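> Hey, dropping coords.csv in here, CSV, C-alpha atoms:
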chain,number,residue,atom,x,y,z
A,1,MET,CA,48.0,-52.6,-19.5
A,2,LYS,CA,50.6,-54.3,-21.7
A,3,THR,CA,53.1,-51.4,-21.1
A,4,LEU,CA,52.7,-51.9,-17.3
A,5,LYS,CA,53.3,-55.7,-17.6
A,6,LEU,CA,56.4,-55.1,-19.8
A,7,ARG,CA,57.6,-52.5,-17.3
A,8,TYR,CA,57.8,-55.1,-14.6
A,9,THR,CA,58.5,-58.2,-16.6
A,10,ILE,CA,61.7,-57.0,-18.4
A,11,PRO,CA,63.5,-55.9,-15.2
A,12,LEU,CA,62.5,-59.1,-13.4
A,13,PHE,CA,63.8,-61.2,-16.4
A,14,LEU,CA,67.1,-59.3,-16.3
A,15,MET,CA,67.5,-59.8,-12.6
A,16,LEU,CA,66.9,-63.5,-13.0
A,17,ILE,CA,69.5,-63.7,-15.8
A,18,THR,CA,72.0,-61.8,-13.7
A,19,ALA,CA,71.5,-63.9,-10.6
A,20,THR,CA,71.8,-67.1,-12.6
A,21,LEU,CA,75.1,-66.0,-14.2
A,22,SER,CA,76.6,-64.5,-11.1
A,23,PHE,CA,76.7,-67.8,-9.1
A,24,LYS,CA,80.0,-69.6,-9.7
A,25,LYS,CA,79.8,-73.4,-9.7
A,26,SER,CA,82.4,-74.9,-7.4
A,27,PRO,CA,84.5,-77.5,-9.0
A,28,ALA,CA,83.4,-81.1,-8.1
A,29,THR,CA,85.5,-82.5,-5.3
A,30,THR,CA,86.0,-85.9,-3.6
A,31,PRO,CA,87.0,-86.4,0.0
A,32,TYR,CA,89.8,-88.9,0.6
A,33,LYS,CA,90.9,-90.4,3.8
A,34,CYS,CA,94.7,-90.0,4.2
A,35,MET,CA,96.5,-92.0,6.9
A,36,ILE,CA,100.0,-91.0,7.8
A,37,GLN,CA,102.3,-93.4,9.6
A,38,MET,CA,105.4,-91.8,11.1
A,39,LYS,CA,108.8,-93.5,11.4
A,40,ASN,CA,110.0,-94.2,14.9
A,41,TYR,CA,112.2,-91.4,16.0
A,42,THR,CA,112.8,-89.4,19.2
A,43,GLY,CA,112.4,-85.7,19.6
A,44,GLU,CA,109.8,-83.2,18.8
A,45,GLY,CA,106.7,-83.9,16.7
A,46,ALA,CA,106.7,-83.2,13.0
A,47,TYR,CA,104.9,-80.5,11.2
A,48,VAL,CA,103.2,-81.9,8.1
A,49,ILE,CA,101.9,-80.0,5.0
A,50,ILE,CA,100.0,-81.8,2.3
A,51,SER,CA,99.8,-79.7,-0.9
A,52,LEU,CA,98.3,-80.1,-4.4
A,53,LEU,CA,100.8,-79.3,-7.2
A,54,ASN,CA,99.7,-78.5,-10.7
A,55,PRO,CA,101.2,-80.3,-13.7
A,56,LYS,CA,103.9,-77.7,-13.9
A,57,GLY,CA,105.0,-78.5,-10.3
A,58,ALA,CA,103.7,-75.2,-8.8
A,59,TYR,CA,101.6,-75.1,-5.6
A,60,GLU,CA,97.9,-75.1,-6.4
A,61,ALA,CA,96.4,-75.5,-2.9
A,62,THR,CA,97.2,-76.4,0.7
A,63,LEU,CA,95.1,-79.5,1.5
A,64,TYR,CA,96.2,-80.2,5.1
A,65,VAL,CA,98.4,-78.8,7.8
A,66,GLN,CA,99.3,-80.8,10.9
A,67,GLY,CA,100.7,-78.5,13.6
A,68,ALA,CA,98.9,-75.3,14.7
A,69,ASP,CA,101.8,-73.2,15.9
A,70,ASP,CA,102.3,-71.0,12.9
A,71,GLU,CA,105.6,-69.5,14.2
A,72,TRP,CA,107.3,-72.6,12.9
A,73,TYR,CA,105.7,-72.7,9.4
A,74,TYR,CA,108.7,-70.9,7.8
A,75,ASP,CA,110.7,-74.1,8.5
A,76,LEU,CA,108.7,-75.8,5.7
A,77,THR,CA,110.7,-73.7,3.2
A,78,GLU,CA,109.1,-74.6,-0.1
A,79,TRP,CA,105.6,-74.4,1.1
A,80,TRP,CA,106.3,-71.2,3.0
A,81,GLY,CA,107.4,-69.6,-0.3
A,82,PHE,CA,103.9,-70.3,-1.5
A,83,TYR,CA,101.8,-69.8,1.6
A,84,GLY,CA,103.9,-67.1,3.3
A,85,LYS,CA,103.4,-64.6,0.4
A,86,LYS,CA,99.6,-65.0,0.4
A,87,ARG,CA,98.9,-65.8,4.0
A,88,SER,CA,95.4,-67.0,3.0
A,89,ASN,CA,93.1,-68.6,5.5
A,90,ILE,CA,93.8,-72.3,5.8
A,91,ASP,CA,90.7,-74.4,6.7
A,92,ALA,CA,92.8,-77.5,6.8
A,93,ILE,CA,94.8,-76.8,10.0
A,94,THR,CA,94.6,-79.4,12.7
A,95,GLY,CA,96.0,-79.6,16.1
A,96,GLU,CA,99.3,-80.9,17.4
A,97,THR,CA,102.3,-82.0,15.4
A,98,ILE,CA,102.8,-85.8,14.9
A,99,ARG,CA,105.3,-87.6,17.1
A,100,GLY,CA,107.6,-90.4,16.0
A,101,GLY,CA,105.8,-93.7,15.6
A,102,ALA,CA,102.4,-92.1,15.7
A,103,ARG,CA,99.6,-92.4,13.1
A,104,THR,CA,97.0,-89.9,12.1
A,105,ILE,CA,94.0,-90.0,9.7
A,106,SER,CA,92.7,-86.9,8.0
A,107,ILE,CA,90.3,-86.0,5.3
A,108,LEU,CA,91.6,-84.3,2.1
A,109,THR,CA,89.2,-82.7,-0.3
A,110,ILE,CA,90.7,-82.9,-3.8
A,111,PRO,CA,89.2,-81.4,-7.0
A,112,ASP,CA,88.0,-84.2,-9.3
A,113,MET,CA,89.7,-82.5,-12.2
A,114,ALA,CA,93.1,-83.1,-10.6
A,115,LEU,CA,92.9,-86.9,-10.8
A,116,ASN,CA,94.7,-88.5,-13.7
A,117,THR,CA,95.7,-85.2,-15.2
A,118,GLY,CA,99.3,-84.7,-14.1
A,119,TYR,CA,98.6,-83.1,-10.7
A,120,LYS,CA,100.7,-84.3,-7.7
A,121,ILE,CA,100.4,-84.6,-4.0
A,122,ARG,CA,103.4,-83.4,-2.0
A,123,VAL,CA,103.9,-84.0,1.7
A,124,GLU,CA,106.5,-81.9,3.4
A,125,THR,CA,107.7,-82.5,6.9
A,126,ALA,CA,109.8,-80.6,9.4
A,127,VAL,CA,110.8,-81.1,13.0
A,128,GLU,CA,111.7,-78.1,15.1
A,129,ASP,CA,115.5,-77.7,15.2
A,130,ASP,CA,116.0,-80.8,13.1
A,131,GLU,CA,115.5,-81.9,9.4
A,132,TYR,CA,113.2,-80.6,6.7
A,133,TYR,CA,112.0,-82.9,3.9
A,134,LYS,CA,110.6,-81.1,0.9
A,135,ASN,CA,109.5,-84.3,-0.7
A,136,ASP,CA,109.0,-86.6,2.2
A,137,VAL,CA,106.2,-88.1,0.0
A,138,GLU,CA,105.4,-86.9,-3.5
A,139,PHE,CA,103.3,-88.8,-6.1
A,140,GLU,CA,101.2,-88.2,-9.2
A,141,LEU,CA,97.5,-88.1,-8.3
A,142,THR,CA,96.3,-91.1,-10.3
A,143,THR,CA,93.6,-93.7,-9.6
A,144,GLU,CA,96.3,-96.3,-9.2
A,145,ASN,CA,98.4,-94.3,-6.8
A,146,ILE,CA,95.5,-93.5,-4.5
A,147,LYS,CA,95.1,-97.3,-4.0
A,148,ASN,CA,98.7,-97.9,-3.0
A,149,LYS,CA,100.8,-97.4,0.1
A,150,ILE,CA,103.4,-94.8,-0.6
A,151,LYS,CA,106.7,-94.8,1.3
A,152,GLY,CA,108.1,-91.6,2.8
A,153,SER,CA,111.8,-90.6,2.6
A,154,GLY,CA,112.0,-88.5,5.8
A,155,PHE,CA,109.9,-88.6,9.0
A,156,ILE,CA,107.0,-90.4,7.3
A,157,ARG,CA,107.1,-94.2,7.0
A,158,TYR,CA,104.2,-94.3,4.6
A,159,ILE,CA,100.9,-92.8,3.7
A,160,ARG,CA,97.8,-94.5,2.4
A,161,MET,CA,94.8,-92.8,0.8
A,162,MET,CA,91.3,-94.0,-0.1
A,163,PRO,CA,88.1,-92.3,-1.3
A,164,ASN,CA,86.0,-91.5,1.8
Will you turn the file into structure tokens for me?


Amino acid sequence: MKTLKLRYTIPLFLMLITATLSFKKSPATTPYKCMIQMKNYTGEGAYVIISLLNPKGAYEATLYVQGADDEWYYDLTEWWGFYGKKRSNIDAITGETIRGGARTISILTIPDMALNTGYKIRVETAVEDDEYYKNDVEFELTTENIKNKIKGSGFIRYIRMMPN
């Protein structure tokens, strides 16, 4: 009888251990509202890419894409060097480009471990047959910076973020 119990108990125990260890825990994340206010300009709408950069300045993740027509993504040169090689599925794509003077609000999901550890947010913008701004907005991801309005240097007037 003991042998029969052990025969079933040991494999069951091993399956439970394997199942427990095989599930990866997702890193903790926090959603942030991100408002983008565009400068007044005429012409086509801007494509906007928001990326998470690691402390070494390399692309870690694409957090947000404004502009669904992927035939123009290569105009966002720096980001395209990262995304174009992998062509991974992007969950963060929204609809139309953003016109001059317009405002949009999106939700960014940022890993908690990136806050106050040297990570940066980079916002790149490009307008079809016009300018490209690699660092339209770039800032270190700190508790203080998330509270502030951050000015853009290209098509973006400013962005503002806050925990959702």

> Tell me, as a count of residues only, which residues lie within 10 Å of A:Asn148, counting only C-alpha atoms; anything in the same chain fewer than 2 positions away does not count.

10

> Could you pull the residues within 12 Å of A:Met38, counting only C-alpha atoms, minus those fewer than 4 positions along the same chain, as a list in words?

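So, after excluding close chain neighbours, the residues are Thr42, Gly45, Ala46, Tyr47, Val48, Thr97, Ile98, Arg99, Gly100, Gly101, Ala102, Arg103, Thr104, Ile105, Thr125, Asp136, Val137, Lys151, Gly152, Ser153, Gly154, Phe155, Ile156, Arg157, Tyr158, Ile159 and Arg160 of chain A.
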
> Could the residues in this selection be written to a file with C-alpha atoms, as an mmCIF file, keeping the file's coordinate frame?


data_model
loop_
_atom_site.group_PDB
_atom_site.id
_atom_site.type_symbol
_atom_site.label_atom_id
_atom_site.label_comp_id
_atom_site.auth_asym_id
_atom_site.auth_seq_id
_atom_site.Cartn_x
_atom_site.Cartn_y
_atom_site.Cartn_z
ATOM 1 C CA THR A 42 112.800 -89.400 19.200
ATOM 2 C CA GLY A 45 106.700 -83.900 16.700
ATOM 3 C CA ALA A 46 106.700 -83.200 13.000
ATOM 4 C CA TYR A 47 104.900 -80.500 11.200
ATOM 5 C CA VAL A 48 103.200 -81.900 8.100
ATOM 6 C CA THR A 97 102.300 -82.000 15.400
ATOM 7 C CA ILE A 98 102.800 -85.800 14.900
ATOM 8 C CA ARG A 99 105.300 -87.600 17.100
ATOM 9 C CA GLY A 100 107.600 -90.400 16.000
ATOM 10 C CA GLY A 101 105.800 -93.700 15.600
ATOM 11 C CA ALA A 102 102.400 -92.100 15.700
ATOM 12 C CA ARG A 103 99.600 -92.400 13.100
ATOM 13 C CA THR A 104 97.000 -89.900 12.100
ATOM 14 C CA ILE A 105 94.000 -90.000 9.700
ATOM 15 C CA THR A 125 107.700 -82.500 6.900
ATOM 16 C CA ASP A 136 109.000 -86.600 2.200
ATOM 17 C CA VAL A 137 106.200 -88.100 0.000
ATOM 18 C CA LYS A 151 106.700 -94.800 1.300
ATOM 19 C CA GLY A 152 108.100 -91.600 2.800
ATOM 20 C CA SER A 153 111.800 -90.600 2.600
ATOM 21 C CA GLY A 154 112.000 -88.500 5.800
ATOM 22 C CA PHE A 155 109.900 -88.600 9.000
ATOM 23 C CA ILE A 156 107.000 -90.400 7.300
ATOM 24 C CA ARG A 157 107.100 -94.200 7.000
ATOM 25 C CA TYR A 158 104.200 -94.300 4.600
ATOM 26 C CA ILE A 159 100.900 -92.800 3.700
ATOM 27 C CA ARG A 160 97.800 -94.500 2.400
#

> Between atom CA of A:Asn135 and atom CA of A:Thr77, what is the spacing in Å?

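Those two atoms sit 11.4 Å apart.
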
> Between A:Ala58, A:Ala68, A:Ile110, A:Leu76, which is the closest to A:Glu124 once you count all atoms listed in the file?

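Of A:Ala58, A:Ala68, A:Ile110, A:Leu76, the one nearest A:Glu124, counting all atoms listed in the file, is A:Leu76.
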
> How far is it from atom CA of A:Glu78 to atom CA of A:Lys149, in Å with one decimal?

24.3 Å

> In Å to one decimal, how far is atom CA of A:Leu52 from atom CA of A:Lys147?

17.5 Å

> Which neighbours of A:Tyr32 fall inside 7 Å, counting only C-alpha atoms, when residues of the same chain fewer than 5 positions from it are skipped, and could you give them as a list in words?

Ile107, Leu108, Thr109, Met161, Met162, Pro163 and Asn164 of chain A

> Neighbouring residues of stretch 79-81 of chain A were defined as those with any atom within 10 Å, considering only C-alpha atoms; residues of the same chain fewer than 4 positions away were excluded. Please report them as a list in words.

Ile49, Ile50, Ser51, Tyr59, Thr62, Tyr73, Tyr74, Asp75, Lys85, Lys86, Arg87, Arg122, Val123, Glu124 and Lys134 of chain A

> Export C-alpha atoms of the chosen residues as a compact mmCIF listing (two decimals), keeping the file's coordinate frame?


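What follows is the written file again-v3.txt:
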# COMPACT_ATOMS: atom_id res chain seq x y z
CA ILE A 49 101.90 -80.00 5.00
CA ILE A 50 100.00 -81.80 2.30
CA SER A 51 99.80 -79.70 -0.90
CA TYR A 59 101.60 -75.10 -5.60
CA THR A 62 97.20 -76.40 0.70
CA TYR A 73 105.70 -72.70 9.40
CA TYR A 74 108.70 -70.90 7.80
CA ASP A 75 110.70 -74.10 8.50
CA LYS A 85 103.40 -64.60 0.40
CA LYS A 86 99.60 -65.00 0.40
CA ARG A 87 98.90 -65.80 4.00
CA ARG A 122 103.40 -83.40 -2.00
CA VAL A 123 103.90 -84.00 1.70
CA GLU A 124 106.50 -81.90 3.40
CA LYS A 134 110.60 -81.10 0.90

> May I ask which of the residues A:Lys56, A:Thr30, A:Gln66, A:Tyr41 is the closest one to A:Ser106, counting all atoms listed in the file?

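Of A:Lys56, A:Thr30, A:Gln66, A:Tyr41, the one nearest A:Ser106 is A:Gln66, counting all atoms listed in the file.
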
> Using only C-alpha atoms for the distances, tell me which of A:Pro55, A:Gly43, A:Pro27, A:Gly95 is nearest to A:Glu140.

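Using only C-alpha atoms, the shortest distance to A:Glu140 belongs to A:Pro55.
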
> Nearest to A:Pro31 among A:Glu44, A:Asp70, A:Lys120, A:Asp112, with distances taken over only C-alpha atoms: which residue is it?

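Answer, going by the shortest atom-to-atom distance: A:Asp112.
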